[in-house]
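The next block holds one structure in the form of structure tokens; read it before the comments.
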Amino acid sequence: MWLSPFYPSPQADAGYDVADYRDVDPLFGTLADADKMIAEAKARGLRVIVDLVPNHTSSRHRWFEAALAAAPGSAERQRYVFRDGRGPQGAQPPNDWQSVFGGPAWTRLPDGQWYLHLFDSGQPDLNWDNPEVRAEFLDILRFWLDRGVDGFRVDVAHGLIKQADLADWQEPQEILSGQEVDQPRPPMWDQDGVHEIYREWRRLLDGYAGERVLVAEAWVEPAERLARYVRPDEMHQAFNFEYLLASWTAPAQYAVITRSLEATDSVGAPTTWVLSNHDVVRHASRLGLPVSGGRPNGIGIGDPQPDAALGLRRARAASLLMLALPGSAYLYQGEELGLPEHTTLPDEARQDPTWERSLHTQRGRDGCRVPIPWEADAPSYGFGPTDASWLPQPPSWAEYALDRQQGVPGSTYELYRTALRLRREHGLGRGPLRWLSSGDEVLTFTNRGLTVLTNFGAAPVPLPAGAEVLAASAPLDGDAVGTDVTVWYRG
Ligand code: GLC
């Protein structure tokens with residue numbers, strides 16, 4: 001169970017702007033509640049991964065407040081990335097970097113200096129060349145490890161170290177560092193210096209009893225570059241965003257699966273798979289967009305709307321394919337309900353800083369963060385005691401509610417339960433994958449005695465005579481597997 005940040009925060013970026021790394025925001029509860037949750041999760045055989053945000057603090061963190069009060073060049077400012085500007089009176093930012101959320105990545109102070117924020121201006125970047133910053137984060141890791149957490153999801157793990165000269169980049173700002181291995185790296189992402197930090201963290205974790213994990217959120221391509229984060233003395237796993245971004249075609253899926261497995265095998269780490277998270281368009285909608293794969297975050301102004309039926313059909317096929325793959329699969333709350341993106345949120349409800357920073361040209365990620373429906377007929381679908389949910393829920397969501405799907409054969413919820421049960425029973429997460437076919441329209445492989453077939457093509461594909469179907473993402477037509485359907489079978 002991975003929890004996004006619950007620490008005290010002004011909530012400029014849904015808690016990814018942390019004001020105090022060693023406490024809980026009163027919005028969510030207290031430190032004692034966190035302890036209780038960790039203990040109760042453990043008692044149920046669940047493990048808890050908390051979100052660690054080391055690239056930046058909140059501008060309301062005591063360190064940044066001290067930096068603002070201190071003079072240029074002071075020790076307080078050395079914990080962040082402060083620079084003088086360029087041009088007459090230093091009125092231009094120190095370089096041309098843009099914020100991932102839009103607008104310049106620098107904000108100027110009344111005393112004339114600028115500070116770097118790769119994200120919102122409320123998220124100043126820390127200076128990881130400063131030993132004080134390194135020591136502080138080792139201590140934060142200890143704080144949560146001592147409280148019994150099983151690991152950390154490391155936010156923006158590819159961003160901590162910047163190229164020393166902060167050279168101009170002249171490219172649009174993307175969080176994804178997607179260069180070929182021999183091409184120049186963006187000066188703000190995937191710098192070699194980050195690995196030394198994770199080696200130090202790994203040594204710390206290895207000193208703790210039990211299994212404790214580090215998971216990198218590193219938007220790094222190609223897979224060989226990403227694999228460097230999970231070398232034996234670094235992190236344990238890294239999110240596989242190349243997989244998330246891959247198009248829904250047989251050749252693209254085959255290529256990304258084989259490449260991912262090869263890359264992680266080369267360093268002896270488990271591969272990971274992910275289709276949705278709190279930063280991207282939910283895959284039940286993304287896969288229904290005209291361009292398969294779709295843009296990663298938010299459906300922009302003027303973009304075509306997803307085809308809901310197509311999206312859900314493909315999402316179910318994609319999830320069933322993913323859950324048969326060896327490695328670790330990460331699920332995002334609500335995908336087990338087949339929940340779509342909320343694409344018609346009123347603008348005044350928007351929380352994502354992208355909306356303001358892009359001057360209302362990018363809607364951002366709120367559409368995938370709307371509280372999920374538990375009970376069809378309860379206020380806010382069971383999220384809270386009234387209809388006021390954190391982000392408003394659309395009226396059409398009753399049909400996705402958990403209580404409408406539990407025990408209903410063929411529901412997305414029951415499909416996930418079946419797949420997860422079989423995955424565990426057969427040990428699919430640790431099995432060997434062997435391809436049987438990898439054509440332009442159909443992929444077939446075996447894993448631990450199970451055969452998995454996905455039909456991406458228009459023509460139905462017959463199963464072999466006597467095949468025993470264990471799971472199917474949509475009903476079969478006799479023995480025929482239709483378009484955008486995945487089947488697990490024996491025989
Ligand atoms: C990561 C988080 C995202 C956040 C950003 C800045 O990408 O997943 O939600 O906005 O980092 O912390």
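Ordering of the structure tokens sets the chain letters (A, B, ...); residue numbers start at 1 within each chain; ligands are numbered from 1 in the order shown.
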Q) Neighbours of Trp189 in chain A within 10 Å (only C-alpha atoms; same-chain residues fewer than 4 positions away dropped), as a PyMOL selection string? A) chain A and resi 156-163+174-178+185+194+218-220
Can I get the selected residues back with C-alpha atoms, as an mmCIF file, in the first residue's frame?
```
data_model
loop_
_atom_site.group_PDB
_atom_site.id
_atom_site.type_symbol
_atom_site.label_atom_id
_atom_site.label_comp_id
_atom_site.auth_asym_id
_atom_site.auth_seq_id
_atom_site.Cartn_x
_atom_site.Cartn_y
_atom_site.Cartn_z
ATOM 1 C CA VAL A 156 11.204 12.770 -8.802
ATOM 2 C CA ALA A 157 14.149 10.465 -8.130
ATOM 3 C CA HIS A 158 15.832 11.535 -11.383
ATOM 4 C CA GLY A 159 15.853 15.241 -10.480
ATOM 5 C CA LEU A 160 17.910 15.736 -7.325
ATOM 6 C CA ILE A 161 21.227 16.566 -8.964
ATOM 7 C CA LYS A 162 21.439 19.287 -11.599
ATOM 8 C CA GLN A 163 24.286 19.747 -14.075
ATOM 9 C CA GLU A 174 9.098 17.632 -19.778
ATOM 10 C CA ILE A 175 9.413 15.503 -16.665
ATOM 11 C CA LEU A 176 10.393 12.611 -18.928
ATOM 12 C CA SER A 177 14.081 12.344 -19.706
ATOM 13 C CA GLY A 178 13.681 10.292 -22.846
ATOM 14 C CA ARG A 185 20.897 14.440 -21.098
ATOM 15 C CA VAL A 194 21.898 10.910 -8.175
ATOM 16 C CA ALA A 218 12.082 8.342 -12.291
ATOM 17 C CA TRP A 219 10.674 9.405 -15.647
ATOM 18 C CA VAL A 220 13.681 8.041 -17.483
#
```
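Of the residues in range 4-141 of chain A, those given strand (DSSP E or B) by DSSP on the backbone are Ile49, Val50, Asp51, Leu52, His56, Tyr80, Phe82, Arg83, Arg86, Gln92, Gln98, Pro104, Trp106, Thr107, Arg108, Trp114, Tyr115, Leu116, Asp125 and Leu126 of chain A.
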Q. Got a sec to check which residues lie within 9 Å of ligand 1, using only C-alpha atoms and all ligand atoms, and send them as a PyMOL selection string?
A. chain A and resi 4+13-17+53-57+100-101+118-120+123+154-157+175+217-219+277-279+352-353+365
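CA of Ser58 in chain A to CA of Tyr80 in chain A spans 11.4 Å [interatomic distance, one decimal].
Candidate residues A:Ala329, A:His195, A:Thr454, A:Gln170 were compared for distance to Leu244 in chain A, and the nearest is A:Ala329, using only C-alpha atoms.
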Q.
Excluding Arg86 in chain A and its own-chain neighbours fewer than 2 positions away, which residues fall within 12 Å of it when counting only C-alpha atoms? Please give them as a PyMOL selection string.
A. chain A and resi 83-84+88-96+106+108+112-114
Q: Extract, using only C-alpha atoms, all DNA, RNA and protein residues at most 9 Å from Met1 in chain A, discarding same-chain residues fewer than 2 positions from it, and format them as a PyMOL selection string.
A: chain A and resi 3+41+46-50
Q: If you run DSSP over the backbone, which residues in range 17-119 of chain A end up helix (DSSP H, G or I)? Put them as a list in words.
A: Leu31, Ala32, Asp33, Ala34, Asp35, Lys36, Met37, Ile38, Ala39, Glu40, Ala41, Lys42, Ala43, Arg62, Trp63, Phe64, Glu65, Ala66, Ala67, Leu68, Ala69, Arg77, Gln78, Arg79, Pro88, Gln89 and Gly90 of chain A
Write the selection just made, keeping N, CA and C atoms, as a PDB file, in the first residue's frame?
```pdb
ATOM      1  N   LEU A  31       0.161  11.986  13.929  1.00  0.00           N
ATOM      2  CA  LEU A  31       1.233  10.992  13.865  1.00  0.00           C
ATOM      3  C   LEU A  31       0.788   9.681  14.524  1.00  0.00           C
ATOM      4  N   ALA A  32       0.015   9.817  15.595  1.00  0.00           N
ATOM      5  CA  ALA A  32      -0.488   8.601  16.270  1.00  0.00           C
ATOM      6  C   ALA A  32      -1.405   7.810  15.321  1.00  0.00           C
ATOM      7  N   ASP A  33      -2.178   8.530  14.494  1.00  0.00           N
ATOM      8  CA  ASP A  33      -3.017   7.831  13.501  1.00  0.00           C
ATOM      9  C   ASP A  33      -2.150   7.079  12.485  1.00  0.00           C
ATOM     10  N   ALA A  34      -1.054   7.719  12.090  1.00  0.00           N
ATOM     11  CA  ALA A  34      -0.163   7.067  11.122  1.00  0.00           C
ATOM     12  C   ALA A  34       0.416   5.789  11.737  1.00  0.00           C
ATOM     13  N   ASP A  35       0.836   5.878  12.999  1.00  0.00           N
ATOM     14  CA  ASP A  35       1.382   4.695  13.678  1.00  0.00           C
ATOM     15  C   ASP A  35       0.347   3.574  13.718  1.00  0.00           C
ATOM     16  N   LYS A  36      -0.887   3.968  14.024  1.00  0.00           N
ATOM     17  CA  LYS A  36      -1.958   2.975  14.129  1.00  0.00           C
ATOM     18  C   LYS A  36      -2.228   2.333  12.768  1.00  0.00           C
ATOM     19  N   MET A  37      -2.242   3.175  11.743  1.00  0.00           N
ATOM     20  CA  MET A  37      -2.491   2.652  10.399  1.00  0.00           C
ATOM     21  C   MET A  37      -1.406   1.658   9.985  1.00  0.00           C
ATOM     22  N   ILE A  38      -0.140   2.021  10.277  1.00  0.00           N
ATOM     23  CA  ILE A  38       0.965   1.128   9.907  1.00  0.00           C
ATOM     24  C   ILE A  38       0.813  -0.207  10.649  1.00  0.00           C
ATOM     25  N   ALA A  39       0.475  -0.122  11.944  1.00  0.00           N
ATOM     26  CA  ALA A  39       0.336  -1.339  12.748  1.00  0.00           C
ATOM     27  C   ALA A  39      -0.830  -2.192  12.243  1.00  0.00           C
ATOM     28  N   GLU A  40      -1.948  -1.545  11.936  1.00  0.00           N
ATOM     29  CA  GLU A  40      -3.115  -2.322  11.502  1.00  0.00           C
ATOM     30  C   GLU A  40      -2.930  -2.907  10.104  1.00  0.00           C
ATOM     31  N   ALA A  41      -2.212  -2.181   9.259  1.00  0.00           N
ATOM     32  CA  ALA A  41      -1.910  -2.733   7.933  1.00  0.00           C
ATOM     33  C   ALA A  41      -1.055  -3.989   8.094  1.00  0.00           C
ATOM     34  N   LYS A  42      -0.042  -3.894   8.919  1.00  0.00           N
ATOM     35  CA  LYS A  42       0.840  -5.043   9.162  1.00  0.00           C
ATOM     36  C   LYS A  42       0.055  -6.238   9.674  1.00  0.00           C
ATOM     37  N   ALA A  43      -0.869  -5.968  10.609  1.00  0.00           N
ATOM     38  CA  ALA A  43      -1.662  -7.057  11.187  1.00  0.00           C
ATOM     39  C   ALA A  43      -2.488  -7.758  10.114  1.00  0.00           C
ATOM     40  N   ARG A  62      10.585  25.238   7.243  1.00  0.00           N
ATOM     41  CA  ARG A  62      11.364  26.184   8.072  1.00  0.00           C
ATOM     42  C   ARG A  62      12.704  26.524   7.408  1.00  0.00           C
ATOM     43  N   TRP A  63      13.269  25.620   6.640  1.00  0.00           N
ATOM     44  CA  TRP A  63      14.528  25.914   5.947  1.00  0.00           C
ATOM     45  C   TRP A  63      14.351  27.020   4.909  1.00  0.00           C
ATOM     46  N   PHE A  64      13.250  26.941   4.171  1.00  0.00           N
ATOM     47  CA  PHE A  64      13.087  27.955   3.122  1.00  0.00           C
ATOM     48  C   PHE A  64      12.734  29.299   3.745  1.00  0.00           C
ATOM     49  N   GLU A  65      11.961  29.256   4.803  1.00  0.00           N
ATOM     50  CA  GLU A  65      11.639  30.522   5.483  1.00  0.00           C
ATOM     51  C   GLU A  65      12.911  31.171   6.018  1.00  0.00           C
ATOM     52  N   ALA A  66      13.819  30.335   6.527  1.00  0.00           N
ATOM     53  CA  ALA A  66      15.101  30.870   7.013  1.00  0.00           C
ATOM     54  C   ALA A  66      15.925  31.415   5.841  1.00  0.00           C
ATOM     55  N   ALA A  67      15.842  30.731   4.699  1.00  0.00           N
ATOM     56  CA  ALA A  67      16.608  31.189   3.527  1.00  0.00           C
ATOM     57  C   ALA A  67      16.099  32.544   3.044  1.00  0.00           C
ATOM     58  N   LEU A  68      14.792  32.732   3.098  1.00  0.00           N
ATOM     59  CA  LEU A  68      14.229  34.020   2.667  1.00  0.00           C
ATOM     60  C   LEU A  68      14.666  35.143   3.602  1.00  0.00           C
ATOM     61  N   ALA A  69      14.777  34.815   4.885  1.00  0.00           N
ATOM     62  CA  ALA A  69      15.139  35.837   5.873  1.00  0.00           C
ATOM     63  C   ALA A  69      16.637  36.132   5.849  1.00  0.00           C
ATOM     64  N   ARG A  77      20.831  29.977   2.462  1.00  0.00           N
ATOM     65  CA  ARG A  77      20.469  29.904   1.028  1.00  0.00           C
ATOM     66  C   ARG A  77      21.181  28.751   0.318  1.00  0.00           C
ATOM     67  N   GLN A  78      22.254  28.273   0.923  1.00  0.00           N
ATOM     68  CA  GLN A  78      23.000  27.158   0.290  1.00  0.00           C
ATOM     69  C   GLN A  78      22.226  25.845   0.325  1.00  0.00           C
ATOM     70  N   ARG A  79      21.144  25.803   1.067  1.00  0.00           N
ATOM     71  CA  ARG A  79      20.362  24.556   1.095  1.00  0.00           C
ATOM     72  C   ARG A  79      19.447  24.454  -0.125  1.00  0.00           C
ATOM     73  N   PRO A  88      20.666  43.161 -17.596  1.00  0.00           N
ATOM     74  CA  PRO A  88      20.741  44.382 -16.775  1.00  0.00           C
ATOM     75  C   PRO A  88      19.983  44.195 -15.454  1.00  0.00           C
ATOM     76  N   GLN A  89      20.616  44.563 -14.372  1.00  0.00           N
ATOM     77  CA  GLN A  89      20.056  44.425 -13.011  1.00  0.00           C
ATOM     78  C   GLN A  89      19.659  42.975 -12.665  1.00  0.00           C
ATOM     79  N   GLY A  90      20.199  42.040 -13.426  1.00  0.00           N
ATOM     80  CA  GLY A  90      19.857  40.638 -13.128  1.00  0.00           C
ATOM     81  C   GLY A  90      18.374  40.367 -13.226  1.00  0.00           C
TER      82      GLY A  90
END
```
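Closest approach to Glu196 in chain A from the set A:Met235, A:Ala308, A:Ala349, A:Leu476 is made by A:Met235, with distances taken over only C-alpha atoms.
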Please build the interface table for range 189-289 of chain A against range 129-134 of chain A with a cut-off of 12 Å, listing for each qualifying residue the nearest atom pair and the distance in Å to one decimal; count only C-alpha atoms, order rows by chain and increasing number, and write it as a tab-separated table.
```
residue	atom	partner	partner_atom	distance
A:Gly193	CA	A:Asp129	CA	9.3
A:Val194	CA	A:Asp129	CA	10.3
A:Glu196	CA	A:Arg134	CA	10.8
A:Ile197	CA	A:Arg134	CA	7.8
A:Tyr198	CA	A:Arg134	CA	10.6
A:Glu200	CA	A:Arg134	CA	9.4
A:Trp201	CA	A:Arg134	CA	9.7
```
Name all residues at most 8 Å from range 400-410 of chain A (count only C-alpha atoms; drop same-chain ones fewer than 3 positions away) and give them as an mmCIF file with C-alpha atoms, in the first residue's frame.
```cif
data_model
loop_
_atom_site.group_PDB
_atom_site.id
_atom_site.type_symbol
_atom_site.label_atom_id
_atom_site.label_comp_id
_atom_site.auth_asym_id
_atom_site.auth_seq_id
_atom_site.Cartn_x
_atom_site.Cartn_y
_atom_site.Cartn_z
ATOM 1 C CA LEU A 337 -13.503 -0.344 -10.681
ATOM 2 C CA GLY A 338 -12.754 0.517 -14.323
ATOM 3 C CA LEU A 339 -13.053 4.158 -13.293
ATOM 4 C CA ILE A 372 -13.583 6.914 -5.884
ATOM 5 C CA PRO A 373 -17.176 5.647 -5.501
ATOM 6 C CA TRP A 374 -17.725 3.038 -2.788
ATOM 7 C CA GLU A 375 -21.508 3.042 -2.389
ATOM 8 C CA ALA A 376 -23.810 3.972 -5.270
ATOM 9 C CA TYR A 381 -20.635 7.699 -2.972
ATOM 10 C CA TRP A 397 -20.260 7.361 -11.240
ATOM 11 C CA TYR A 413 -13.791 -5.407 -9.783
ATOM 12 C CA GLU A 414 -14.363 -9.173 -9.951
ATOM 13 C CA LEU A 415 -12.015 -9.400 -12.944
ATOM 14 C CA ALA A 474 -14.632 -9.732 -22.006
#
```
